[in-house]
Structures are given as structure tokens and as C-alpha cells.
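To keep things clear, I will list the structure first and then write my remarks on it.
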Amino acid sequence: MDETLGAALRRWRDRLSPRDVGLPERPGRRAVGLRREELADLAGLSVDYVVRLEQGRATNPSAQVVATLARALQLQPGERDHAYRLAGLLPPAQGTISTHVPAGVQRIVAQLGEFAVGVFSADWTLLTWTPTWAALIGDPSHRTTRELNLLRAVFTKGSSGLSSWPVRQAEEGLPSALVSDLRGALLDYPHDRGLAALVTELRTTSPRFSALWEQGAVGRHVSSRKTVEHPDVGDITCDCDVLSVPGSDLRLVVYTVAAGSADAEKLEFLRVTRGVPVAPEV
């Protein structure tokens, strides 16, 4: 009998433990692998929808849903493509930006729960993040894919007239580096329509982006000190590092604060008040 998407999802869910995704294992836990509720939370889906997918009652998931489930289930590239085919979809084509986060990277991020870490794709769309990132930068779980793009957040303003990116930096290195990255991504992913549309959109809507693009801005990411403007605790000064993942175009953005500082106290307050779990020891 041919495998169904629902059966594959259950099999992949059963092989993951809470520790694999940064969740604490409670004493007396009976469930094998992840619970449906845990998978739904990781993927940003409703529990009812996950149940219907596994039972075969939801038969036409979108490519975005499959990509989200593949990341949450830490699928290997071949397994991810299999999930697309089981859903009646074509896997991502060559020459397009991948939103796949390798299982090893996800396990690293899961163990870094006490740090503010965000993982971005080649077009600077946020793919996954730690709970501390959500506490510091703002919870991304209810944002659309468009709203998760860092370039849109940095270069455009929302309906309120304010940028949705709460990070203030003294230097202009980040905007130049983002524009430089995007120019390089166009060469690496010539068939990605979403990427081309993003460049066209920003050149039309953001004079600042357009000027940097026309100037052929070249920049690189360096460690820098930045200020996060938080609505609850005020400004938090952080050190920001951008790390590359060898073999992929993923970027890990990591915000840290000096131990024992007033900023560390503010961040710890946010972690406690938002119920951020401590990553399990290995």
C-alpha cells in the first residue's frame, strides 16, 4: 500500500523527542516522540489541522504548510521532497531559495534556548527562532511570511508609520550588508520569482533601499553592538553576531548580553515573565 502524507507525518513525529526540539521532558511522559500539540506549536498550525492532516481529512496542504512541517519535523532534504510529493506538490526547484533548516542546525538552535537566535534564509526571511528571540525581538509566530522578511522590516514602514524592526544600530553596516546579500542571492538563485519580486518591491517602496541598490552597495556582516527597543523594559544593549552555516545559505543571527549587566537583568526578566524554558543539558 502506498504511503500517505498522514502516515509519514506520524512516523516522523514519533521519532523526535522533546529534547530534539528544545522542550523539557516531563517525568512520567507516555507519548512516544512529539505530541500533536507540540508539533502544531512548533509549526505554527492549529492542533485540529495537524489531526486532520494525519487522519487524511485535510488533503491539500499548501507548499508553505509542508515547508513549515518539514522544518518542525527536522526532515532531511530527501524526506522533505517526499513530503511535498505525498501532498501532491512539486518539491522546491533548483535555482530557488531553500527554506529548509537541516536537522543538525535545528538541534543546535534547540540547545541555545537561553540565547536570542534567529535563523534566516538567503533572502533574509526568518525561518526559526529560539524562545528568547521571541521575548527580546517580538514573537514572530503570528506574522505572515512577508512580515518575517528582515529587509522589509528594515527598509519599509508598517501601517503605523514605524519600522517593525525594533533594533537600533549606530552604524550603517547592516543595511549595506543586506543589500549586498540580496544582490548576491539574485546571482545564486536566478529562477526564484519571489526573490526578484522582493527586489522590485523594495526598489519601488523604499528610497533608502533604492539608493543603496543603485550605488552598488557592498557590505559585510561584522560583530556589532546594537540596542533593542523593548516596549516593556526599555532599551537593551546587545552584541550581535551573524554566523554562516557551511554548505547552505542560512544565517544565524545571535544576540547576547554581558553577564551581570543591567541588560542581562532585563533579558532575564523577559525570559521569566514569558515562560521561556531553559534548554536541557546534554
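Each chain in the C-alpha cells gets a letter, A, B, ..., in the order shown, and its residues are numbered from 1; ligands are numbered from 1 in order too.
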Self-check item: region 10-94 of chain A: residues DSSP assigns to helix (DSSP H, G or I), reported as a VMD selection string
Solution: chain A and resid 10 to 14 18 to 21 36 to 43 47 to 54 63 to 72 77 to 86
Practice problem: Mind the document's chain letters and residue numbers, and return as a PyMOL selection string the residues of region 88-277 of chain A that DSSP labels strand (DSSP E). | Solution: chain A and resi 116-120+126-129+167-169+224-230+234-244+251-256
Quiz item: With distances taken over only C-alpha atoms, which of A:Ala87, A:Ala7, A:Val105, A:Val47 is nearest to Gln74 (chain A)?
Solution: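 Checking each of A:Ala87, A:Ala7, A:Val105, A:Val47 against Gln74 (chain A), counting only C-alpha atoms, the winner is A:Val105.
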Quiz item: Excluding same-chain residues fewer than 6 positions from Thr273 (chain A), what lies within 12 Å of it counting only C-alpha atoms, as a list in words?
Solution: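 After dropping sequence-adjacent residues, the list is Pro131, Thr132, Ala135, Leu136, Asp232, Val233, Lys266 and Leu267 of chain A.
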How would the residues just chosen look if you wrote them out with N, CA and C atoms as a PDB file, in the first residue's frame?
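Once everything was written out, this is selection.pdb:
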ATOM      1  N   PRO A 131      12.968  30.696  21.856  1.00  0.00           N
ATOM      2  CA  PRO A 131      12.001  31.449  22.663  1.00  0.00           C
ATOM      3  C   PRO A 131      12.557  32.782  23.152  1.00  0.00           C
ATOM      4  N   THR A 132      13.857  32.840  23.428  1.00  0.00           N
ATOM      5  CA  THR A 132      14.442  34.092  23.904  1.00  0.00           C
ATOM      6  C   THR A 132      14.446  35.145  22.807  1.00  0.00           C
ATOM      7  N   ALA A 135      11.091  36.632  22.939  1.00  0.00           N
ATOM      8  CA  ALA A 135      10.943  37.515  24.099  1.00  0.00           C
ATOM      9  C   ALA A 135      11.646  38.843  23.879  1.00  0.00           C
ATOM     10  N   LEU A 136      12.787  38.819  23.204  1.00  0.00           N
ATOM     11  CA  LEU A 136      13.585  40.032  23.017  1.00  0.00           C
ATOM     12  C   LEU A 136      13.130  40.853  21.821  1.00  0.00           C
ATOM     13  N   ASP A 232       8.454  46.810  26.997  1.00  0.00           N
ATOM     14  CA  ASP A 232       8.199  46.511  28.406  1.00  0.00           C
ATOM     15  C   ASP A 232       9.341  46.919  29.337  1.00  0.00           C
ATOM     16  N   VAL A 233      10.581  46.751  28.888  1.00  0.00           N
ATOM     17  CA  VAL A 233      11.709  47.007  29.783  1.00  0.00           C
ATOM     18  C   VAL A 233      12.627  48.115  29.280  1.00  0.00           C
ATOM     19  N   LYS A 266      17.449  42.686  32.518  1.00  0.00           N
ATOM     20  CA  LYS A 266      16.243  42.950  31.724  1.00  0.00           C
ATOM     21  C   LYS A 266      15.878  41.733  30.878  1.00  0.00           C
ATOM     22  N   LEU A 267      16.882  41.117  30.234  1.00  0.00           N
ATOM     23  CA  LEU A 267      16.609  39.967  29.386  1.00  0.00           C
ATOM     24  C   LEU A 267      16.110  38.791  30.217  1.00  0.00           C
TER      25      LEU A 267
END
Exercise. Choose the residue, out of A:His221, A:Arg29, A:Arg19, A:Arg36, that has the smallest atom-to-atom separation from Leu112 (chain A); count only C-alpha atoms.
Key: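 For Leu112 (chain A), the nearest of the given residues is A:Arg19.
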Exercise. Just the residues within 8 Å of region 193-197 of chain A, please, counting only C-alpha atoms, with nothing from its chain fewer than 4 positions along; format it as a PyMOL selection string.
Key: chain A and resi 123+186+201
Quiz item: Counting only C-alpha atoms, what is within 10 Å of Gln94 (chain A), bar same-chain residues fewer than 2 positions away, as a list in words?
Solution: Pro91, Pro92, Thr96, Ile97, Ser98, Tyr189, Pro190, His191 and Asp192 of chain A
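Across the structure, CA of Val179 (chain A) and CA of Val65 (chain A) are spaced 28.5 Å apart.
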Practice problem: For Tyr255 (chain A), please output as a ChimeraX atom specification all residues within 12 Å (counting only C-alpha atoms; exclusion window: fewer than 5 positions along the same chain). | Solution: /A:112-119,129-130,132-137,167,223-228,236-243,263-264,267
Writer output for current selection, N, CA and C atoms, as a tab-separated table (two decimals), in the first residue's frame:
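Contents of selection-v1.tsv, as written:
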chain	number	residue	atom	x	y	z
A	112	LEU	N	20.29	26.14	22.27
A	112	LEU	CA	20.67	27.53	22.56
A	112	LEU	C	19.47	28.35	23.00
A	113	GLY	N	18.50	27.68	23.64
A	113	GLY	CA	17.26	28.35	24.00
A	113	GLY	C	17.42	29.56	24.89
A	114	GLU	N	18.50	29.62	25.68
A	114	GLU	CA	18.67	30.77	26.57
A	114	GLU	C	19.22	31.99	25.83
A	115	PHE	N	19.62	31.80	24.57
A	115	PHE	CA	20.12	32.91	23.77
A	115	PHE	C	19.08	33.32	22.73
A	116	ALA	N	19.16	34.58	22.31
A	116	ALA	CA	18.27	35.07	21.25
A	116	ALA	C	18.89	34.74	19.91
A	117	VAL	N	18.37	33.70	19.25
A	117	VAL	CA	18.92	33.23	17.98
A	117	VAL	C	17.81	33.15	16.95
A	118	GLY	N	18.05	33.73	15.78
A	118	GLY	CA	17.13	33.63	14.66
A	118	GLY	C	17.85	33.05	13.46
A	119	VAL	N	17.19	32.15	12.73
A	119	VAL	CA	17.77	31.53	11.55
A	119	VAL	C	17.07	32.08	10.31
A	129	TRP	N	13.42	30.24	15.29
A	129	TRP	CA	13.98	31.12	16.31
A	129	TRP	C	13.86	30.47	17.67
A	130	THR	N	14.63	30.96	18.62
A	130	THR	CA	14.54	30.47	19.99
A	130	THR	C	13.47	31.26	20.74
A	132	THR	N	13.86	32.84	23.43
A	132	THR	CA	14.44	34.09	23.90
A	132	THR	C	14.45	35.14	22.81
A	133	TRP	N	14.61	34.71	21.55
A	133	TRP	CA	14.48	35.65	20.42
A	133	TRP	C	13.10	36.28	20.43
A	134	ALA	N	12.07	35.45	20.61
A	134	ALA	CA	10.70	35.96	20.63
A	134	ALA	C	10.49	36.93	21.78
A	135	ALA	N	11.09	36.63	22.94
A	135	ALA	CA	10.94	37.51	24.10
A	135	ALA	C	11.65	38.84	23.88
A	136	LEU	N	12.79	38.82	23.20
A	136	LEU	CA	13.59	40.03	23.02
A	136	LEU	C	13.13	40.85	21.82
A	137	ILE	N	12.98	40.21	20.68
A	137	ILE	CA	12.70	40.92	19.43
A	137	ILE	C	11.21	41.07	19.17
A	167	VAL	N	15.36	47.05	16.38
A	167	VAL	CA	16.79	47.10	16.68
A	167	VAL	C	17.39	48.37	16.11
A	223	SER	N	30.62	41.72	13.75
A	223	SER	CA	30.09	41.81	15.11
A	223	SER	C	29.88	43.27	15.47
A	224	SER	N	28.75	43.58	16.08
A	224	SER	CA	28.46	44.98	16.40
A	224	SER	C	27.56	45.05	17.63
A	225	ARG	N	27.56	46.20	18.23
A	225	ARG	CA	26.71	46.43	19.40
A	225	ARG	C	25.46	47.17	18.95
A	226	LYS	N	24.32	46.66	19.38
A	226	LYS	CA	23.04	47.23	18.94
A	226	LYS	C	22.12	47.39	20.14
A	227	THR	N	21.10	48.20	19.95
A	227	THR	CA	20.14	48.47	21.01
A	227	THR	C	18.76	47.98	20.57
A	228	VAL	N	18.17	47.11	21.37
A	228	VAL	CA	16.81	46.64	21.12
A	228	VAL	C	15.86	47.50	21.92
A	236	ILE	N	17.66	47.64	25.53
A	236	ILE	CA	18.57	46.58	25.93
A	236	ILE	C	19.74	46.59	24.95
A	237	THR	N	20.94	46.80	25.45
A	237	THR	CA	22.12	46.82	24.60
A	237	THR	C	22.67	45.41	24.45
A	238	CYS	N	22.84	44.97	23.21
A	238	CYS	CA	23.26	43.60	22.93
A	238	CYS	C	24.44	43.60	21.96
A	239	ASP	N	25.22	42.54	22.02
A	239	ASP	CA	26.20	42.26	20.98
A	239	ASP	C	25.55	41.35	19.96
A	240	CYS	N	25.71	41.70	18.69
A	240	CYS	CA	25.08	40.93	17.61
A	240	CYS	C	26.16	40.29	16.73
A	241	ASP	N	26.01	39.00	16.50
A	241	ASP	CA	26.91	38.27	15.60
A	241	ASP	C	26.08	37.53	14.56
A	242	VAL	N	26.55	37.55	13.33
A	242	VAL	CA	25.90	36.84	12.23
A	242	VAL	C	26.81	35.70	11.81
A	243	LEU	N	26.32	34.47	11.94
A	243	LEU	CA	27.11	33.27	11.65
A	243	LEU	C	26.56	32.59	10.41
A	263	ASP	N	21.51	45.00	31.42
A	263	ASP	CA	20.84	44.44	30.23
A	263	ASP	C	20.54	42.96	30.43
A	264	ALA	N	21.46	42.23	31.10
A	264	ALA	CA	21.22	40.83	31.39
A	264	ALA	C	20.03	40.66	32.33
A	267	LEU	N	16.88	41.12	30.23
A	267	LEU	CA	16.61	39.97	29.39
A	267	LEU	C	16.11	38.79	30.22
Self-check item: Length of the CA of Leu126 (chain A) to CA of Arg220 (chain A) vector [Å]
Solution: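 Distance reported for this atom pair: 18.9 Å.
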Just the residues within 9 Å of Leu9 (chain A), please, counting only C-alpha atoms, with nothing from its chain fewer than 6 positions along; format it as a short mmCIF file (atom, residue, chain, number, x, y, z; two decimals) with C-alpha atoms, in the first residue's frame.
data_model
loop_
_atom_site.label_atom_id
_atom_site.label_comp_id
_atom_site.auth_asym_id
_atom_site.auth_seq_id
_atom_site.Cartn_x
_atom_site.Cartn_y
_atom_site.Cartn_z
CA LEU A 53 -3.65 16.04 8.13
CA GLU A 54 -2.63 12.87 9.97
CA LEU A 69 6.13 20.92 8.88
CA LEU A 73 9.97 17.62 12.00
CA ALA A 83 6.60 15.14 1.91
#
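Atom to atom, CA of Ser248 (chain A) and CA of Thr200 (chain A) stand 24.9 Å apart.
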